[in-house]
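**Student:** If you scroll down you'll find the structure; I have some questions about it.
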Amino acid sequence: MTSNAGKDARAASPETILTHSGRRTDEQFGFVNTPVYRGSTVLFGTLDDLEGSGAPYRYGRTGNPSTQAVETVITALEEAAGTVLAPSGLAAISTALLSVVSAGDDILLTDSVYEPTRLFCRETLGRMGVTTRFYDPRIGAGIADLVNEKTKLVFVESPGSLTFEVQDLPAISAVARPRGIAVMVDNSWATPLFHKPLTLGADIVVHAGTKMFIGHSDAMFGTASANAEWWPRLSRTHRLAGICASPDDAFLAARGLRTLAIRMKEQRERALELARWLEARPLVEQVLHPALESHPDHALFRRDFSGSGSLFSMVLKGKPRAAIAAMLDGLELFGMGYSWGGYESLCLPVHPERIRTATRWESDGCTFRIHVGLEGIDDLKADMAAALDRYAAA
Ligand SMILES: *Cc1c(COP(=O)(O)O)cnc(C)c1O
C-alpha cells in the first residue's frame, strides 16, 4: 500500500501519468520497466535496519516495487491520498467495505450495483450485523429521505452494471458529507481518465482492475483508493486482512496501464459508433449508453464525465429463446463470456429484472451487454448485422 506522500510528483496530464508515473529506471539498471519482484522475505543488513523505519519494503505481503508501481499511478489518476491493491475487483470492494462498516451500521447500495457486491453486503456483512438497503440509482438528492442515524455508507456505481443509469454523485455527496456518511464509488466503467469520483465528493473509489487496467483478459486485479480522511482506515484494514495482489498480476496491471489512455479512446469511439448504429436498427428497442443523446441521464453524464467506456447494453424486441440462441451461437467476432475490458469484443444476455429489489426493471425484450474491443468497426457491425438477422429469422 502506498500513500502519495513523497512519491512521484503528479504529472500534468493523465497520459503522462500513465506513461511515466511509478517507474524508477535508476533503480532498475536503466531498464524502462519495473520487473516482477517475487518475494516474501526481505533481508535486513543490520539490527538498526531491522528495527528502524527506513527500509522501503519489509515483507512481501505489504508491497514491493512491482506493486508500488501500480499504486502510484492509480493514486495520481484518482487524486487520492493512497491506493491499495487486491487480487480481484471484488476483493478490493469487500476490503474497502470492511474498512468502513461496523456491527449495527446501515448501508445504502444503488439497485444497479454489480451483483456480487450486492450479495457480499447482504450475506456476508449481513451476518456481521450490518443492514443493507437498496436505492433507486436515479435518486440523487432524494437519498436524504433514506438516510438515518445508523447510515454509515452510500455505495454508488455510475453508470450502473447492466443498465447504465448515471448517478448524481455530487448531490449524493452533498447529503452524505455533512452527516459523516462515507460515499464509495465503483468507477470501473469510466476509469479515472473519464470520471474522478474523489473530486466530486466521494471518499473511496474502487476498480475492477481486471477490466480496463489489465486490458487483455489475462489476469484478475483490483484497486481501492481513498481521500485523506479515509486512507488510514482503508490502508490499515487492507493490511490486517492480509489482502495483497500478486507481483505478477501487478506487473500486468502496470503494463496495461501504460496504454490505457489510447485503448480507452479507441474503444470509446468504436462502442459509441456501434451503439448509434444499433439504435437505428428496427429490431433494437433501446440502447443503454449514457453518451447517446437518447439516454435519460445524458445531461448528467455530460456534466460529470469527460468520456465514455467500452461497455453498454441493448434491448431487443421480444425474447424467444430460440432467437437468442440463434443470434449468440452464430457470432464470429463477439465472444460470449463474463467480464469485459479486454481488447476483444463480447456480447452476453443479461437479466437485470431478476436482480433488483428497490426498483423494477421493466422490459418485454431481451437485454444484451456488449463490450467493444479493438477489432475493425466495420467487421463488428457485420457480425452484429448477421446476428440481428438470425434473431429476426428464428
Ligand atoms: C467485474 C466487475 C467487478 C468485479 O471485478 P472482479 O475483478 O471480476 O472481481 C466489480 N465491479 C464492476 C462494475 C465489474 O464490472
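Please note that chains go A, B, ... in the order of the C-alpha cells, that every chain numbers its residues from 1, and that ligands are numbered from 1 in the order shown.
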Using only C-alpha atoms and all ligand atoms, which residues of chain A come within 10 Å of ligand 1, and what is the closest atom pair for each, with the distance in Å to one decimal? Give it as JSON lines, sorted by chain and residue number.

**Tutor:**
```
{"residue": "A:Ala86", "atom": "CA", "partner": "ligand 1", "partner_atom_place_in_ligand_line": "7 (O)", "distance": 8.9}
{"residue": "A:Pro87", "atom": "CA", "partner": "ligand 1", "partner_atom_place_in_ligand_line": "7 (O)", "distance": 7.6}
{"residue": "A:Ser88", "atom": "CA", "partner": "ligand 1", "partner_atom_place_in_ligand_line": "7 (O)", "distance": 3.9}
{"residue": "A:Gly89", "atom": "CA", "partner": "ligand 1", "partner_atom_place_in_ligand_line": "5 (O)", "distance": 3.4}
{"residue": "A:Leu90", "atom": "CA", "partner": "ligand 1", "partner_atom_place_in_ligand_line": "9 (O)", "distance": 3.7}
{"residue": "A:Ala91", "atom": "CA", "partner": "ligand 1", "partner_atom_place_in_ligand_line": "9 (O)", "distance": 6.3}
{"residue": "A:Ala92", "atom": "CA", "partner": "ligand 1", "partner_atom_place_in_ligand_line": "9 (O)", "distance": 7.9}
{"residue": "A:Ile93", "atom": "CA", "partner": "ligand 1", "partner_atom_place_in_ligand_line": "10 (C)", "distance": 7.4}
{"residue": "A:Ser94", "atom": "CA", "partner": "ligand 1", "partner_atom_place_in_ligand_line": "9 (O)", "distance": 9.8}
{"residue": "A:Ser112", "atom": "CA", "partner": "ligand 1", "partner_atom_place_in_ligand_line": "13 (C)", "distance": 9.8}
{"residue": "A:Val113", "atom": "CA", "partner": "ligand 1", "partner_atom_place_in_ligand_line": "13 (C)", "distance": 7.5}
{"residue": "A:Tyr114", "atom": "CA", "partner": "ligand 1", "partner_atom_place_in_ligand_line": "11 (N)", "distance": 5.4}
{"residue": "A:Glu115", "atom": "CA", "partner": "ligand 1", "partner_atom_place_in_ligand_line": "11 (N)", "distance": 8.4}
{"residue": "A:Pro116", "atom": "CA", "partner": "ligand 1", "partner_atom_place_in_ligand_line": "4 (C)", "distance": 7.6}
{"residue": "A:Thr117", "atom": "CA", "partner": "ligand 1", "partner_atom_place_in_ligand_line": "10 (C)", "distance": 7.2}
{"residue": "A:Glu157", "atom": "CA", "partner": "ligand 1", "partner_atom_place_in_ligand_line": "13 (C)", "distance": 7.1}
{"residue": "A:Ser158", "atom": "CA", "partner": "ligand 1", "partner_atom_place_in_ligand_line": "13 (C)", "distance": 8.7}
{"residue": "A:Pro159", "atom": "CA", "partner": "ligand 1", "partner_atom_place_in_ligand_line": "13 (C)", "distance": 8.7}
{"residue": "A:Gly160", "atom": "CA", "partner": "ligand 1", "partner_atom_place_in_ligand_line": "13 (C)", "distance": 7.5}
{"residue": "A:Ser161", "atom": "CA", "partner": "ligand 1", "partner_atom_place_in_ligand_line": "13 (C)", "distance": 5.7}
{"residue": "A:Leu162", "atom": "CA", "partner": "ligand 1", "partner_atom_place_in_ligand_line": "13 (C)", "distance": 8.9}
{"residue": "A:Val185", "atom": "CA", "partner": "ligand 1", "partner_atom_place_in_ligand_line": "11 (N)", "distance": 9.8}
{"residue": "A:Asp186", "atom": "CA", "partner": "ligand 1", "partner_atom_place_in_ligand_line": "11 (N)", "distance": 6.2}
{"residue": "A:Asn187", "atom": "CA", "partner": "ligand 1", "partner_atom_place_in_ligand_line": "13 (C)", "distance": 7.2}
{"residue": "A:Ser188", "atom": "CA", "partner": "ligand 1", "partner_atom_place_in_ligand_line": "13 (C)", "distance": 5.3}
{"residue": "A:Trp189", "atom": "CA", "partner": "ligand 1", "partner_atom_place_in_ligand_line": "13 (C)", "distance": 6.4}
{"residue": "A:Ala190", "atom": "CA", "partner": "ligand 1", "partner_atom_place_in_ligand_line": "13 (C)", "distance": 9.8}
{"residue": "A:Val206", "atom": "CA", "partner": "ligand 1", "partner_atom_place_in_ligand_line": "11 (N)", "distance": 8.1}
{"residue": "A:His207", "atom": "CA", "partner": "ligand 1", "partner_atom_place_in_ligand_line": "11 (N)", "distance": 6.6}
{"residue": "A:Ala208", "atom": "CA", "partner": "ligand 1", "partner_atom_place_in_ligand_line": "5 (O)", "distance": 4.0}
{"residue": "A:Gly209", "atom": "CA", "partner": "ligand 1", "partner_atom_place_in_ligand_line": "7 (O)", "distance": 6.1}
{"residue": "A:Thr210", "atom": "CA", "partner": "ligand 1", "partner_atom_place_in_ligand_line": "7 (O)", "distance": 4.6}
{"residue": "A:Lys211", "atom": "CA", "partner": "ligand 1", "partner_atom_place_in_ligand_line": "1 (C)", "distance": 6.6}
{"residue": "A:Met212", "atom": "CA", "partner": "ligand 1", "partner_atom_place_in_ligand_line": "15 (O)", "distance": 9.7}
{"residue": "A:Ile214", "atom": "CA", "partner": "ligand 1", "partner_atom_place_in_ligand_line": "7 (O)", "distance": 9.9}
{"residue": "A:Ala219", "atom": "CA", "partner": "ligand 1", "partner_atom_place_in_ligand_line": "7 (O)", "distance": 8.6}
{"residue": "A:Met220", "atom": "CA", "partner": "ligand 1", "partner_atom_place_in_ligand_line": "7 (O)", "distance": 5.2}
{"residue": "A:Phe221", "atom": "CA", "partner": "ligand 1", "partner_atom_place_in_ligand_line": "7 (O)", "distance": 5.4}
{"residue": "A:Gly222", "atom": "CA", "partner": "ligand 1", "partner_atom_place_in_ligand_line": "7 (O)", "distance": 5.9}
{"residue": "A:Thr223", "atom": "CA", "partner": "ligand 1", "partner_atom_place_in_ligand_line": "7 (O)", "distance": 9.4}
{"residue": "A:Leu311", "atom": "CA", "partner": "ligand 1", "partner_atom_place_in_ligand_line": "15 (O)", "distance": 9.4}
{"residue": "A:Tyr338", "atom": "CA", "partner": "ligand 1", "partner_atom_place_in_ligand_line": "1 (C)", "distance": 8.1}
{"residue": "A:Ser339", "atom": "CA", "partner": "ligand 1", "partner_atom_place_in_ligand_line": "1 (C)", "distance": 5.4}
{"residue": "A:Trp340", "atom": "CA", "partner": "ligand 1", "partner_atom_place_in_ligand_line": "15 (O)", "distance": 7.1}
{"residue": "A:Gly341", "atom": "CA", "partner": "ligand 1", "partner_atom_place_in_ligand_line": "15 (O)", "distance": 8.6}
```

**Student:** Using backbone DSSP assignments, extract all strand (DSSP E or B) residues from range 5-205 of chain A; output them as a VMD selection string.

**Tutor:** chain A and resid 41 59 82 to 86 106 to 110 131 to 135 151 to 157 182 to 186 204 to 205

**Student:** Would you kindly return, as a VMD selection string, each protein, DNA or RNA residue with an atom no farther than 9 Å from any atom of range 174-181 of chain A, considering only C-alpha atoms and excluding same-chain residues fewer than 6 positions away?

**Tutor:** chain A and resid 141 to 144 147 149 151 to 154 201 to 202

**Student:** With only C-alpha atoms as the basis for distance, which of A:Gln68, A:Ser53, A:Thr34, A:Thr25 is at the shortest distance from Cys244 in chain A?

**Tutor:** A:Gln68

**Student:** Using only C-alpha atoms, which of the listed residues (A:Asp304, A:Asp379, A:Asp389, A:Glu293) sits closest to Ala323 in chain A?

**Tutor:**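 Of all the options, A:Asp389 lies closest to Ala323 in chain A.
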
**Student:** CA of Leu300 in chain A and CA of Asp168 in chain A, how far apart in Å?

**Tutor:** 6.9 Å

**Student:** Would you give me, as a Markdown table, each residue of range 288-387 of chain A having an atom within 6 Å of an atom of range 266-279 of chain A, along with its shortest atom pair and that distance in Å to one decimal, using only C-alpha atoms and sorting by chain and residue number?

**Tutor:**
```
| residue | atom | partner | partner_atom | distance |
| --- | --- | --- | --- | --- |
| A:Ser308 | CA | A:Arg268 | CA | 5.8 |
| A:Gly309 | CA | A:Arg268 | CA | 5.4 |
| A:Ser310 | CA | A:Arg268 | CA | 5.2 |
| A:Val372 | CA | A:Ala271 | CA | 5.4 |
| A:Gly373 | CA | A:Gln267 | CA | 5.8 |
```

**Student:** Could you tell me which of A:Val350, A:Gly242, A:Ala254, A:Ala103 comes closest to Asn33 in chain A if we count only C-alpha atoms?

**Tutor:** A:Ala254

**Student:** Would you list the contacts of Thr359 in chain A as an NGL selection string, taking every protein, DNA or RNA residue within 8 Å and counting only C-alpha atoms, but skipping same-chain residues closer than 3 positions in sequence?

**Tutor:** :A and (111 or 135-136 or 356)

**Student:** Could those residues be written to a file, using all heavy atoms, as an mmCIF file, in the first residue's frame?

**Tutor:**
```
data_model
loop_
_atom_site.group_PDB
_atom_site.id
_atom_site.type_symbol
_atom_site.label_atom_id
_atom_site.label_comp_id
_atom_site.auth_asym_id
_atom_site.auth_seq_id
_atom_site.Cartn_x
_atom_site.Cartn_y
_atom_site.Cartn_z
ATOM 1 N N ASP A 111 -29.428 0.204 -6.554
ATOM 2 C CA ASP A 111 -30.090 -1.019 -7.019
ATOM 3 C C ASP A 111 -29.462 -1.529 -8.320
ATOM 4 O O ASP A 111 -29.724 -2.651 -8.740
ATOM 5 C CB ASP A 111 -31.589 -0.741 -7.227
ATOM 6 C CG ASP A 111 -32.457 -1.956 -6.943
ATOM 7 O OD1 ASP A 111 -31.979 -2.889 -6.251
ATOM 8 O OD2 ASP A 111 -33.618 -1.973 -7.406
ATOM 9 N N TYR A 135 -31.279 1.498 -3.132
ATOM 10 C CA TYR A 135 -31.987 2.719 -3.540
ATOM 11 C C TYR A 135 -32.001 2.844 -5.064
ATOM 12 O O TYR A 135 -31.170 2.264 -5.761
ATOM 13 C CB TYR A 135 -31.356 3.952 -2.878
ATOM 14 C CG TYR A 135 -29.930 4.244 -3.309
ATOM 15 C CD1 TYR A 135 -29.668 5.016 -4.451
ATOM 16 C CD2 TYR A 135 -28.850 3.743 -2.593
ATOM 17 C CE1 TYR A 135 -28.363 5.294 -4.847
ATOM 18 C CE2 TYR A 135 -27.540 4.008 -2.988
ATOM 19 C CZ TYR A 135 -27.306 4.781 -4.115
ATOM 20 O OH TYR A 135 -26.022 5.041 -4.527
ATOM 21 N N ASP A 136 -32.944 3.618 -5.533
ATOM 22 C CA ASP A 136 -33.082 3.903 -6.965
ATOM 23 C C ASP A 136 -31.837 4.648 -7.450
ATOM 24 O O ASP A 136 -31.501 5.701 -6.902
ATOM 25 C CB ASP A 136 -34.344 4.775 -7.147
ATOM 26 C CG ASP A 136 -34.638 5.088 -8.609
ATOM 27 O OD1 ASP A 136 -33.710 5.016 -9.445
ATOM 28 O OD2 ASP A 136 -35.806 5.425 -8.892
ATOM 29 N N ARG A 356 -32.985 -6.904 -9.224
ATOM 30 C CA ARG A 356 -33.374 -5.696 -8.486
ATOM 31 C C ARG A 356 -34.351 -5.947 -7.357
ATOM 32 O O ARG A 356 -35.164 -6.855 -7.431
ATOM 33 C CB ARG A 356 -34.009 -4.731 -9.466
ATOM 34 C CG ARG A 356 -32.985 -4.379 -10.478
ATOM 35 C CD ARG A 356 -33.448 -3.240 -11.295
ATOM 36 N NE ARG A 356 -32.278 -2.799 -11.977
ATOM 37 C CZ ARG A 356 -31.932 -1.541 -12.134
ATOM 38 N NH1 ARG A 356 -32.676 -0.595 -11.665
ATOM 39 N NH2 ARG A 356 -30.848 -1.242 -12.745
#
```

**Student:** Name the closest residue to Ile262 in chain A among the candidates A:Ala392, A:Ala80, A:Leu125, A:Leu193; distances are taken between atoms, counting only C-alpha atoms.

**Tutor:**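 Comparing A:Ala392, A:Ala80, A:Leu125, A:Leu193 against Ile262 in chain A, the winner is A:Leu193.
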